[in-house]
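Colleague: See run-v7.txt below, with compact mmCIF, C-alpha atoms (C1' of nucleotides).
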```txt
# COMPACT_ATOMS: atom_id res chain seq x y z
CA MET A 1 -15.55 -7.26 -2.78
CA VAL A 2 -12.92 -8.26 -0.29
CA ASN A 3 -14.84 -7.27 2.79
CA LYS A 4 -18.41 -8.43 3.15
CA GLU A 5 -19.11 -6.72 6.45
CA ASN A 6 -18.09 -3.37 4.99
CA LYS A 7 -19.94 -0.78 7.05
CA ASN A 8 -18.78 2.03 4.77
CA THR A 9 -17.74 4.20 7.67
CA THR A 10 -14.82 6.53 7.06
CA GLU A 11 -12.58 4.25 9.07
CA GLU A 12 -13.52 1.25 6.94
CA ARG A 13 -13.16 3.20 3.69
CA ILE A 14 -9.64 4.18 4.71
CA LEU A 15 -8.72 0.57 5.48
CA GLU A 16 -10.11 -0.62 2.16
CA SER A 17 -8.13 2.00 0.24
CA ALA A 18 -5.01 1.22 2.24
CA ARG A 19 -5.42 -2.47 1.40
CA GLN A 20 -5.47 -1.78 -2.31
CA ILE A 21 -2.56 0.66 -2.34
CA PHE A 22 -0.28 -1.16 0.12
CA GLN A 23 -0.81 -4.56 -1.49
CA VAL A 24 0.34 -3.27 -4.86
CA LYS A 25 3.01 -0.75 -3.85
CA GLY A 26 4.26 -1.99 -0.51
CA LEU A 27 4.98 -0.01 2.65
CA GLN A 28 7.65 2.27 1.21
CA GLY A 29 6.09 2.68 -2.21
CA ALA A 30 2.64 3.70 -1.01
CA ARG A 31 1.76 7.37 -0.50
CA MET A 32 -0.60 8.57 2.22
CA GLN A 33 -2.00 11.12 -0.22
CA GLU A 34 -2.88 8.37 -2.68
CA ILE A 35 -4.67 6.35 0.00
CA ALA A 36 -6.62 9.44 1.07
CA ASP A 37 -7.58 10.24 -2.53
CA LYS A 38 -8.84 6.70 -3.13
CA ALA A 39 -10.88 6.84 0.07
CA GLY A 40 -12.28 10.20 -1.00
CA ILE A 41 -11.23 11.92 2.21
CA ASN A 42 -8.47 14.16 3.49
CA LYS A 43 -4.96 13.13 4.41
CA ALA A 44 -5.44 14.33 7.97
CA MET A 45 -8.16 11.76 8.49
CA LEU A 46 -5.67 8.94 8.00
CA HIS A 47 -3.75 10.14 11.01
CA TYR A 48 -6.93 10.79 12.96
CA TYR A 49 -7.95 7.14 12.66
CA TYR A 50 -4.62 5.32 12.43
CA ARG A 51 -2.07 7.76 13.91
CA SER A 52 0.76 6.89 11.49
CA LYS A 53 1.56 5.27 8.17
CA GLU A 54 3.27 2.43 9.99
CA LEU A 55 0.20 1.63 12.10
CA LEU A 56 -2.11 1.81 9.10
CA PHE A 57 0.17 -0.56 7.27
CA GLU A 58 0.24 -2.98 10.17
CA ALA A 59 -3.54 -3.11 10.20
CA VAL A 60 -3.51 -4.06 6.51
CA PHE A 61 -0.65 -6.51 6.81
CA GLU A 62 -1.98 -8.39 9.79
CA GLU A 63 -5.36 -8.74 8.17
CA ALA A 64 -3.73 -10.19 5.04
CA ALA A 65 -1.40 -12.48 6.97
CA ASN A 66 -4.25 -13.69 9.14
CA ARG A 67 -6.14 -14.66 6.04
CA ILE A 68 -3.25 -16.83 4.85
CA PHE A 69 -1.58 -18.44 7.84
CA PRO A 70 -4.19 -19.54 10.38
CA LYS A 71 -6.06 -21.55 7.78
CA ILE A 72 -2.88 -23.42 6.93
CA VAL A 73 -2.61 -24.69 10.47
CA GLU A 74 -6.32 -25.34 10.78
CA PHE A 75 -6.15 -27.54 7.71
CA LEU A 76 -3.03 -29.38 8.74
CA ASN A 77 -4.71 -30.39 11.99
CA THR A 78 -7.98 -31.69 10.58
CA ASP A 79 -8.75 -35.40 10.57
CA TYR A 80 -9.08 -35.94 6.83
CA PRO A 81 -7.12 -38.82 5.31
CA LEU A 82 -3.80 -37.63 3.86
CA PHE A 83 -4.72 -37.57 0.18
CA GLU A 84 -8.06 -35.89 0.78
CA LYS A 85 -6.38 -33.35 3.01
CA ILE A 86 -3.92 -32.48 0.26
CA GLU A 87 -6.74 -32.14 -2.27
CA ARG A 88 -8.75 -29.86 0.00
CA PHE A 89 -5.73 -27.80 0.99
CA VAL A 90 -4.64 -27.00 -2.56
CA ASP A 91 -8.19 -26.30 -3.69
CA TYR A 92 -8.83 -23.98 -0.77
CA TYR A 93 -5.63 -22.02 -1.27
CA LEU A 94 -5.92 -21.59 -5.01
CA THR A 95 -9.51 -20.42 -4.55
CA THR A 96 -8.64 -17.94 -1.82
CA LEU A 97 -5.59 -16.54 -3.58
CA LEU A 98 -7.39 -16.26 -6.89
CA GLU A 99 -9.64 -13.75 -5.13
CA ASN A 100 -6.62 -11.97 -3.64
CA LYS A 101 -4.00 -12.31 -6.29
CA TYR A 102 -1.70 -9.55 -5.00
CA MET A 103 -1.61 -10.94 -1.49
CA PRO A 104 1.14 -13.57 -1.82
CA ALA A 105 3.70 -11.19 -3.34
CA PHE A 106 2.74 -8.57 -0.78
CA VAL A 107 3.14 -10.85 2.23
CA LEU A 108 6.29 -12.55 0.93
CA ASN A 109 7.98 -9.27 0.20
CA GLU A 110 7.09 -7.74 3.54
CA LEU A 111 8.31 -10.80 5.43
CA ASN A 112 11.60 -10.66 3.55
CA GLN A 113 12.10 -7.00 4.33
CA ASN A 114 10.87 -7.32 7.88
CA PRO A 115 11.18 -10.88 9.18
CA GLU A 116 10.36 -9.71 12.73
CA ARG A 117 6.73 -9.47 11.66
CA LEU A 118 6.73 -13.25 11.37
CA VAL A 119 7.90 -13.63 14.94
CA LYS A 120 4.99 -11.46 16.03
CA LEU A 121 2.54 -13.48 13.94
CA MET A 122 3.83 -16.74 15.38
CA SER A 123 3.68 -15.64 18.99
CA ASP A 124 0.27 -13.99 18.56
CA ARG A 125 -1.45 -17.35 18.63
CA GLY A 126 -0.49 -20.98 18.22
CA ILE A 127 0.27 -20.56 14.57
CA PHE A 128 2.47 -23.05 12.78
CA LYS A 129 1.65 -26.15 14.71
CA GLN A 130 2.48 -28.76 12.13
CA GLU A 131 3.26 -31.69 14.42
CA LYS A 132 0.01 -33.47 13.70
CA PHE A 133 0.43 -33.28 9.94
CA ILE A 134 4.04 -34.41 10.15
CA GLU A 135 2.93 -37.34 12.28
CA GLN A 136 0.23 -38.16 9.74
CA ILE A 137 2.82 -38.22 6.96
CA ASN A 138 5.17 -40.39 8.99
CA ASN A 139 2.32 -42.81 9.69
CA ALA A 140 1.48 -42.97 6.00
CA ILE A 141 5.11 -43.88 5.34
CA LYS A 142 5.06 -46.62 7.98
CA ASP A 143 1.81 -48.00 6.58
CA GLU A 144 3.43 -48.03 3.15
CA LEU A 145 0.69 -45.80 1.81
CA ILE A 146 3.32 -43.34 0.53
CA ILE A 147 7.01 -43.58 -0.25
CA HIS A 148 9.66 -42.46 2.20
CA ILE A 149 9.95 -38.67 2.20
CA ASP A 150 10.99 -35.92 4.61
CA PRO A 151 7.63 -34.41 5.71
CA ARG A 152 9.12 -30.92 5.58
CA GLN A 153 10.10 -31.41 1.94
CA LEU A 154 6.59 -32.56 1.12
CA ILE A 155 5.00 -29.60 2.91
CA THR A 156 7.39 -27.22 1.14
CA ASN A 157 6.46 -28.70 -2.23
CA ILE A 158 2.72 -28.37 -1.54
CA ILE A 159 3.04 -24.75 -0.42
CA SER A 160 5.41 -23.89 -3.29
CA MET A 161 3.06 -25.12 -5.99
CA SER A 162 0.10 -23.39 -4.34
CA ILE A 163 1.63 -19.97 -3.73
CA PHE A 164 4.32 -19.41 -6.36
CA PRO A 165 1.91 -19.16 -9.32
CA PHE A 166 0.55 -15.99 -7.68
CA ALA A 167 3.81 -14.43 -6.51
CA GLY A 168 5.21 -15.20 -9.97
CA ARG A 169 2.08 -14.25 -11.85
CA PRO A 170 3.74 -11.74 -14.20
CA ILE A 171 6.40 -14.29 -15.09
CA LEU A 172 3.91 -17.03 -15.86
CA MET A 173 1.75 -14.66 -17.87
CA GLY A 174 4.79 -13.60 -19.89
CA LEU A 175 6.21 -17.09 -20.23
CA PHE A 176 2.97 -18.70 -21.43
CA LYS A 177 1.53 -15.60 -23.09
CA LEU A 178 -1.55 -15.54 -20.87
CA ASP A 179 -4.07 -12.73 -20.53
CA GLU A 180 -6.16 -12.24 -17.38
CA GLU A 181 -8.81 -14.72 -18.50
CA SER A 182 -6.45 -17.51 -19.57
CA TYR A 183 -4.37 -17.00 -16.45
CA TYR A 184 -7.52 -17.54 -14.43
CA GLN A 185 -8.26 -20.73 -16.37
CA PHE A 186 -4.69 -21.90 -15.89
CA ILE A 187 -5.00 -21.59 -12.10
CA GLU A 188 -8.43 -23.21 -12.17
CA SER A 189 -6.88 -26.27 -13.85
CA ARG A 190 -4.27 -26.45 -11.12
CA LYS A 191 -6.95 -27.18 -8.53
CA LYS A 192 -7.10 -30.71 -9.92
CA GLU A 193 -3.68 -30.98 -11.56
CA VAL A 194 -1.54 -30.13 -8.53
CA PRO A 195 -3.12 -32.63 -6.07
CA LYS A 196 -2.90 -35.29 -8.79
CA PHE A 197 0.76 -34.42 -9.32
CA ILE A 198 1.56 -34.56 -5.61
CA ILE A 199 -0.27 -37.78 -4.91
CA ASN A 200 1.35 -39.39 -7.93
CA ALA A 201 4.73 -38.35 -6.58
CA ILE A 202 4.29 -39.94 -3.17
CA LYS A 203 1.78 -42.77 -3.59
CA VAL A 204 3.01 -46.34 -3.31
CA LYS A 205 1.68 -48.26 -6.27
CA MET B 206 31.83 -12.84 -4.16
CA VAL B 207 29.11 -12.10 -6.59
CA ASN B 208 31.24 -10.50 -9.23
CA LYS B 209 34.43 -12.22 -10.28
CA GLU B 210 35.63 -9.58 -12.74
CA ASN B 211 35.36 -6.89 -10.06
CA LYS B 212 37.77 -4.16 -11.15
CA ASN B 213 37.26 -2.24 -7.92
CA THR B 214 36.83 1.02 -9.73
CA THR B 215 34.51 3.55 -8.12
CA GLU B 216 31.85 2.73 -10.65
CA GLU B 217 32.03 -0.97 -9.82
CA ARG B 218 32.08 -0.34 -6.07
CA ILE B 219 28.89 1.71 -6.41
CA LEU B 220 27.19 -1.03 -8.38
CA GLU B 221 28.20 -3.66 -5.81
CA SER B 222 26.84 -1.55 -2.94
CA ALA B 223 23.66 -0.83 -4.87
CA ARG B 224 23.19 -4.55 -5.46
CA GLN B 225 23.31 -5.32 -1.76
CA ILE B 226 21.05 -2.47 -0.66
CA PHE B 227 18.46 -2.70 -3.44
CA GLN B 228 18.14 -6.47 -3.21
CA VAL B 229 17.26 -6.29 0.46
CA LYS B 230 15.27 -3.04 0.62
CA GLY B 231 13.85 -2.65 -2.86
CA LEU B 232 13.68 0.44 -5.04
CA GLN B 233 11.58 2.58 -2.72
CA GLY B 234 13.12 1.35 0.52
CA ALA B 235 16.74 1.93 -0.45
CA ARG B 236 18.46 5.24 0.36
CA MET B 237 21.08 6.78 -1.89
CA GLN B 238 22.99 7.88 1.21
CA GLU B 239 23.16 4.28 2.43
CA ILE B 240 24.50 3.07 -0.91
CA ALA B 241 27.11 5.82 -0.92
CA ASP B 242 28.18 4.98 2.64
CA LYS B 243 28.55 1.29 1.84
CA ALA B 244 30.63 2.15 -1.23
CA GLY B 245 32.78 4.46 0.87
CA ILE B 246 32.23 7.42 -1.41
CA ASN B 247 30.09 10.51 -1.59
CA LYS B 248 26.46 10.72 -2.55
CA ALA B 249 27.25 13.02 -5.46
CA MET B 250 29.29 10.26 -7.09
CA LEU B 251 26.21 8.09 -7.48
CA HIS B 252 24.70 10.73 -9.71
CA TYR B 253 27.95 11.34 -11.50
CA TYR B 254 28.09 7.71 -12.63
CA TYR B 255 24.43 6.73 -12.85
CA ARG B 256 22.53 10.02 -13.17
CA SER B 257 19.55 9.00 -11.02
CA LYS B 258 18.35 6.47 -8.47
CA GLU B 259 16.04 4.96 -11.07
CA LEU B 260 18.89 4.34 -13.54
CA LEU B 261 21.12 2.89 -10.84
CA PHE B 262 18.32 0.56 -9.85
CA GLU B 263 17.77 -0.53 -13.42
CA ALA B 264 21.43 -1.46 -13.75
CA VAL B 265 21.09 -3.67 -10.66
CA PHE B 266 17.76 -5.17 -11.64
CA GLU B 267 18.72 -6.07 -15.16
CA GLU B 268 21.89 -7.72 -13.98
CA ALA B 269 19.89 -9.81 -11.49
CA ALA B 270 17.18 -10.69 -13.98
CA ASN B 271 19.76 -11.62 -16.57
CA ARG B 272 21.29 -14.05 -14.13
CA ILE B 273 17.96 -15.82 -13.65
CA PHE B 274 16.09 -15.86 -16.92
CA PRO B 275 18.48 -16.53 -19.80
CA LYS B 276 19.77 -19.69 -18.15
CA ILE B 277 16.22 -21.00 -17.89
CA VAL B 278 15.82 -20.86 -21.63
CA GLU B 279 19.30 -22.14 -22.30
CA PHE B 280 18.53 -25.20 -20.21
CA LEU B 281 15.14 -25.81 -21.71
CA ASN B 282 16.67 -25.95 -25.17
CA THR B 283 19.51 -28.36 -24.45
CA ASP B 284 19.45 -31.90 -25.81
CA TYR B 285 19.49 -33.81 -22.52
CA PRO B 286 16.87 -36.53 -22.04
CA LEU B 287 13.84 -35.23 -20.13
CA PHE B 288 14.61 -36.69 -16.71
CA GLU B 289 18.26 -35.70 -16.81
CA LYS B 290 17.26 -32.22 -17.92
CA ILE B 291 14.96 -31.85 -14.92
CA GLU B 292 17.68 -33.06 -12.57
CA ARG B 293 20.23 -30.63 -13.97
CA PHE B 294 17.80 -27.73 -14.03
CA VAL B 295 16.77 -28.05 -10.39
CA ASP B 296 20.33 -28.59 -9.23
CA TYR B 297 21.59 -25.59 -11.16
CA TYR B 298 18.90 -23.28 -9.85
CA LEU B 299 19.13 -24.30 -6.23
CA THR B 300 22.90 -23.87 -6.41
CA THR B 301 22.72 -20.45 -8.03
CA LEU B 302 19.99 -19.12 -5.75
CA LEU B 303 21.67 -20.46 -2.64
CA GLU B 304 24.51 -18.08 -3.49
CA ASN B 305 22.02 -15.24 -4.12
CA LYS B 306 19.27 -15.91 -1.64
CA TYR B 307 17.73 -12.42 -1.77
CA MET B 308 17.45 -12.41 -5.53
CA PRO B 309 14.16 -14.30 -6.04
CA ALA B 310 12.15 -12.13 -3.66
CA PHE B 311 13.78 -9.05 -5.14
CA VAL B 312 13.00 -9.94 -8.75
CA LEU B 313 9.50 -11.25 -8.02
CA ASN B 314 8.55 -8.17 -6.08
CA GLU B 315 9.90 -5.79 -8.67
CA LEU B 316 8.09 -7.61 -11.49
CA ASN B 317 4.85 -7.43 -9.54
CA GLN B 318 5.21 -3.72 -8.92
CA ASN B 319 6.45 -2.98 -12.39
CA PRO B 320 5.42 -5.69 -14.90
CA GLU B 321 6.58 -3.54 -17.80
CA ARG B 322 10.14 -4.49 -16.90
CA LEU B 323 9.29 -8.02 -18.00
CA VAL B 324 8.19 -6.82 -21.41
CA LYS B 325 11.53 -5.10 -21.76
CA LEU B 326 13.41 -8.22 -20.68
CA MET B 327 11.50 -10.38 -23.12
CA SER B 328 11.99 -8.11 -26.09
CA ASP B 329 15.65 -7.53 -25.26
CA ARG B 330 16.61 -10.94 -26.58
CA GLY B 331 14.88 -14.18 -27.47
CA ILE B 332 14.10 -14.98 -23.87
CA PHE B 333 11.35 -17.40 -22.99
CA LYS B 334 11.53 -19.72 -25.91
CA GLN B 335 10.06 -22.84 -24.42
CA GLU B 336 8.74 -24.51 -27.56
CA LYS B 337 11.49 -27.11 -27.66
CA PHE B 338 10.96 -28.18 -24.07
CA ILE B 339 7.19 -28.34 -24.55
CA GLU B 340 7.72 -30.49 -27.61
CA GLN B 341 10.06 -32.74 -25.64
CA ILE B 342 7.41 -33.19 -22.95
CA ASN B 343 4.73 -33.92 -25.52
CA ASN B 344 6.99 -36.50 -27.16
CA ALA B 345 7.61 -38.17 -23.81
CA ILE B 346 3.85 -38.40 -23.36
CA LYS B 347 3.39 -39.96 -26.81
CA ASP B 348 6.20 -42.43 -26.13
CA GLU B 349 4.46 -43.33 -22.86
CA LEU B 350 7.57 -42.38 -20.93
CA ILE B 351 5.51 -40.02 -18.75
CA ILE B 352 1.82 -39.67 -17.96
CA HIS B 353 -0.42 -37.21 -19.74
CA ILE B 354 0.16 -33.70 -18.38
CA ASP B 355 -0.14 -30.11 -19.60
CA PRO B 356 3.52 -29.11 -20.23
CA ARG B 357 2.83 -25.65 -18.81
CA GLN B 358 1.63 -27.16 -15.55
CA LEU B 359 4.76 -29.27 -15.32
CA ILE B 360 7.03 -26.31 -16.02
CA THR B 361 5.17 -24.24 -13.41
CA ASN B 362 5.61 -27.00 -10.84
CA ILE B 363 9.34 -27.28 -11.52
CA ILE B 364 9.88 -23.53 -11.27
CA SER B 365 7.65 -23.23 -8.18
CA MET B 366 9.55 -25.83 -6.20
CA SER B 367 12.90 -24.34 -7.25
CA ILE B 368 12.19 -20.67 -6.53
CA PHE B 369 9.60 -20.51 -3.76
CA PRO B 370 11.87 -21.88 -1.02
CA PHE B 371 13.96 -18.72 -1.47
CA ALA B 372 11.20 -16.15 -1.86
CA GLY B 373 9.51 -17.76 1.15
CA ARG B 374 12.70 -18.29 3.11
CA PRO B 375 11.56 -16.48 6.28
CA ILE B 376 8.34 -18.51 6.31
CA LEU B 377 10.13 -21.83 5.95
CA MET B 378 12.68 -20.88 8.58
CA GLY B 379 9.87 -19.96 10.97
CA LEU B 380 7.70 -22.94 10.10
CA PHE B 381 10.44 -25.54 10.52
CA LYS B 382 12.47 -23.62 13.11
CA LEU B 383 15.59 -23.48 10.92
CA ASP B 384 18.67 -21.36 11.49
CA GLU B 385 20.95 -20.26 8.65
CA GLU B 386 22.93 -23.52 8.69
CA SER B 387 19.96 -25.90 8.81
CA TYR B 388 18.17 -23.85 6.14
CA TYR B 389 21.21 -24.33 3.93
CA GLN B 390 21.14 -28.07 4.57
CA PHE B 391 17.42 -28.17 3.87
CA ILE B 392 17.94 -26.61 0.43
CA GLU B 393 20.91 -28.87 -0.23
CA SER B 394 18.66 -31.89 0.30
CA ARG B 395 16.19 -30.50 -2.20
CA LYS B 396 18.75 -30.84 -4.98
CA LYS B 397 18.04 -34.57 -4.96
CA GLU B 398 14.58 -34.64 -3.38
CA VAL B 399 12.82 -32.32 -5.81
CA PRO B 400 13.89 -34.07 -9.05
CA LYS B 401 12.98 -37.41 -7.46
CA PHE B 402 9.59 -35.98 -6.49
CA ILE B 403 8.93 -34.59 -9.98
CA ILE B 404 10.02 -37.70 -11.87
CA ASN B 405 7.95 -39.87 -9.53
CA ALA B 406 4.95 -37.69 -10.28
CA ILE B 407 5.17 -38.03 -14.06
CA LYS B 408 6.96 -41.31 -14.78
CA VAL B 409 4.97 -44.16 -16.26
CA LYS B 410 5.77 -47.26 -14.20
C1' DG C 411 36.94 12.46 -10.52
C1' DT C 412 35.80 13.73 -6.04
C1' DC C 413 34.29 16.54 -2.62
C1' DT C 414 31.07 20.14 0.29
C1' DA C 415 27.27 22.78 0.31
C1' DT C 416 22.83 23.64 -1.15
C1' DA C 417 18.69 23.69 -4.00
C1' DT C 418 14.24 21.65 -4.60
C1' DA C 419 10.67 18.81 -4.00
C1' DA C 420 7.93 15.41 -1.56
C1' DC C 421 6.34 13.19 2.28
C1' DG C 422 4.46 12.19 6.92
C1' DA C 423 2.51 14.46 10.48
C1' DT C 424 0.17 18.20 13.25
C1' DA C 425 -2.29 22.59 14.59
C1' DG C 426 -6.31 24.73 14.74
C1' DA C 427 -10.79 26.46 12.70
C1' DC C 428 -15.39 24.80 12.04
C1' DG D 429 -15.47 14.13 12.79
C1' DT D 430 -13.72 16.73 8.95
C1' DC D 431 -11.37 20.18 6.79
C1' DT D 432 -7.29 23.70 5.24
C1' DA D 433 -2.96 25.24 5.97
C1' DT D 434 1.48 24.45 7.37
C1' DC D 435 5.42 22.53 9.91
C1' DG D 436 9.57 19.76 10.06
C1' DT D 437 12.18 16.35 7.96
C1' DT D 438 14.19 13.74 4.68
C1' DA D 439 14.97 12.45 0.10
C1' DT D 440 16.91 13.03 -4.61
C1' DA D 441 19.48 15.81 -7.24
C1' DT D 442 22.70 19.64 -8.65
C1' DA D 443 26.16 23.59 -8.47
C1' DG D 444 30.54 24.69 -8.06
C1' DA D 445 35.21 24.53 -5.80
C1' DC D 446 39.33 21.76 -5.95
```
What is this structure when it is put down as structure tokens?

Modeller:
Amino acid sequence: MVNKENKNTTEERILESARQIFQVKGLQGARMQEIADKAGINKAMLHYYYRSKELLFEAVFEEAANRIFPKIVEFLNTDYPLFEKIERFVDYYLTTLLENKYMPAFVLNELNQNPERLVKLMSDRGIFKQEKFIEQINNAIKDELIIHIDPRQLITNIISMSIFPFAGRPILMGLFKLDEESYYQFIESRKKEVPKFIINAIKVK
Amino acid sequence: MVNKENKNTTEERILESARQIFQVKGLQGARMQEIADKAGINKAMLHYYYRSKELLFEAVFEEAANRIFPKIVEFLNTDYPLFEKIERFVDYYLTTLLENKYMPAFVLNELNQNPERLVKLMSDRGIFKQEKFIEQINNAIKDELIIHIDPRQLITNIISMSIFPFAGRPILMGLFKLDEESYYQFIESRKKEVPKFIINAIKVK
DNA sequence: GTCTATATAACGATAGAC
DNA sequence: GTCTATCGTTATATAGAC
């Protein structure tokens, strides 16, 4: 499912089980025994391949974080016109997260409990270079294509509307009385609704 | 701070300590010893007053959830005109959450790990009655005050932009290189920026 | 009500046979 | 590389004195 190049080695089976357990229960809530059971192997094997719970968790977390963050930057630095960039960005994120619906809550929670992980992520590579996108927004303001707005506020709004519906999935499902299928449809609609909403908010008419 | 009617009894001191520890570390991450230390009493007292860790946690969680959810509904059912209602709602939430910045991540995470708690919250009282607000939105569409939009999508956007900046606080602080003070200022600005953004997005010009 | 001391269980981790 | 058995620690929870 998640991992196409699954070689089905013991090491890979452990990682896949760890993904599923950690993403739902978090670092503290997960049990090594449960991960071993799901992988169909013994608890000792977890330590043979990953030494400790902490290291196994880090493997899972970094993989998840690397699926979210680098693409943000990649997108922000492409050469698409502003409105098209926003449309593509929202569509890409809703699609990705719909296939990994536990990931946002997992990553958000872990970064709240352990903000140092973010520092590590940022220094690992040139993540979070947003200068180009900010410049693009400022140019669009100068050209009177969009209204005057703090680029950081705009970016925050885009990210909020893309990620919150997943982190707050139980709330939305309760609030609007959605089952799995109608929740899926609701997010699908957002792929067009959210860009329309954003562009409406900033476009100079 | 958080609790004005603090009677400073042992029971209340325990609850206050539990609030602080649980909200940062979660149910599994918190240690009863740590809560006892912060309260300045012995570990046995926690069990004397709250029987178990689980029950102590529930006291904290329900208090936090009850500070977030009931006010949502209360607001949605007031008689303010649509735009004014949106302005007041966003302002109220950003103000409240700025004073309880760990709460959104805490509640979101707990509801993801234990969605049954939401069922309990919903059945406890008439929470989540949004019919009136949905009707108000639909009327505004008919009156050509706002563009055609699914009321649920609009509500989701409002909530997303109000709550995500707190649940994703470490990310925003890293992304925009904010310290505590400039983060506070950034949220303060949102009290005006977000309603403006939303009304721009839906207003018929 | 509040404390110290302790029971009891669970968990992460390792040793050592195969 | 994989297993069983077990160690060492830490956690929640309780018993019982004051």

Colleague: Counting only C-alpha atoms, which residues from chain B have an atom at most 6 Å from any atom of chain A, and could you show them as an NGL selection string?

Modeller: :B and (233-234 or 333 or 362 or 365-366 or 369 or 380 or 402 or 405-406)

Colleague: Which residues of chain D sit at most 9 Å from chain A, using all atoms listed in the file? Give each one's shortest atom pair and distance in Å (one decimal place), in chain and ascending residue order, as JSON lines.

Modeller:
```
{"residue": "D:DG429", "atom": "C1'", "partner": "A:Met45", "partner_atom": "CA", "distance": 8.8}
{"residue": "D:DT430", "atom": "C1'", "partner": "A:Met45", "partner_atom": "CA", "distance": 7.5}
{"residue": "D:DC431", "atom": "C1'", "partner": "A:Asn42", "partner_atom": "CA", "distance": 7.5}
```

Colleague: With C-alpha atoms (C1' of nucleotides) retained, export the selected residues as a PDB file, in the coordinates of the input.

Modeller:
```pdb
ATOM      1  C1'  DG D 429     -15.470  14.130  12.790  1.00  0.00           C
ATOM      2  C1'  DT D 430     -13.720  16.730   8.950  1.00  0.00           C
ATOM      3  C1'  DC D 431     -11.370  20.180   6.790  1.00  0.00           C
TER       4       DC D 431
END
```

Colleague: Can you check which parts of chain C lie within 8 Å of chain A? Per residue, the shortest pair of atoms and distance in Å to one decimal, counting all atoms listed in the file, sorted by chain and number, as a tab-separated table.

Modeller:
```
residue	atom	partner	partner_atom	distance
C:DC421	C1'	A:Arg31	CA	7.9
C:DG422	C1'	A:Lys53	CA	7.6
C:DA423	C1'	A:His47	CA	7.6
```

Colleague: Output the selection as an mmCIF file, in the frame of the given file - C-alpha atoms (C1' of nucleotides) for each residue.

Modeller:
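The result, written out as selection.cif:
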```cif
data_model
loop_
_atom_site.group_PDB
_atom_site.id
_atom_site.type_symbol
_atom_site.label_atom_id
_atom_site.label_comp_id
_atom_site.auth_asym_id
_atom_site.auth_seq_id
_atom_site.Cartn_x
_atom_site.Cartn_y
_atom_site.Cartn_z
ATOM 1 C "C1'" DC C 421 6.340 13.190 2.280
ATOM 2 C "C1'" DG C 422 4.460 12.190 6.920
ATOM 3 C "C1'" DA C 423 2.510 14.460 10.480
#
```

Colleague: So the first atom is CA of Arg218 in chain B and the second is CA of Gly245 in chain B; what is the distance between them in Å, to one decimal place?

Modeller: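 CA of Arg218 in chain B sits 8.5 Å away from CA of Gly245 in chain B.
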
Colleague: Kindly give the distance, in Å, that separates CA of Ile134 in chain A and CA of Leu76 in chain A, rounded to a single decimal.

Modeller: 8.8 Å

Colleague: Kindly provide, as a list in words, the polymer residues lying within 9 Å of (10.8, -26.5, -24.3), counting only C-alpha atoms (C1' of nucleotides) and using the coordinates exactly as they appear in the file.

Modeller: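 Checking each residue against the 9 Å limit leaves Val278, Phe280, Leu281, Asn282, Thr283, Lys334, Gln335, Glu336, Lys337, Phe338, Ile339, Glu340, Gln341, Ile342 and Pro356 of chain B.
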
Colleague: Work out how far apart CA of Lys191 in chain A and CA of Leu94 in chain A are and give it in Å to one decimal.

Modeller: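 Calculated distance between CA of Lys191 in chain A and CA of Leu94 in chain A is 6.7 Å.
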
Colleague: If you count all atoms listed in the file, which residues fall within 12 Å of DA415 in chain C, apart from same-chain ones fewer than 6 positions away, as a VMD selection string?

Modeller: (chain B and resid 249) or (chain D and resid 442 to 445)

Colleague: Let me see the file: selected residues, C-alpha atoms (C1' of nucleotides), as a PDB file, in the frame of the given file.

Modeller:
```pdb
ATOM      1  CA  ALA B 249      27.250  13.020  -5.460  1.00  0.00           C
TER       2      ALA B 249
ATOM      3  C1'  DT D 442      22.700  19.640  -8.650  1.00  0.00           C
ATOM      4  C1'  DA D 443      26.160  23.590  -8.470  1.00  0.00           C
ATOM      5  C1'  DG D 444      30.540  24.690  -8.060  1.00  0.00           C
ATOM      6  C1'  DA D 445      35.210  24.530  -5.800  1.00  0.00           C
TER       7       DA D 445
END
```

Colleague: Using all atoms listed in the file, can you list as a list in words the residues within 8 Å of (8.8, 14.7, 0.0)?

Modeller: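 Selection result: DA419, DA420 and DC421 of chain C; DT438 and DA439 of chain D.
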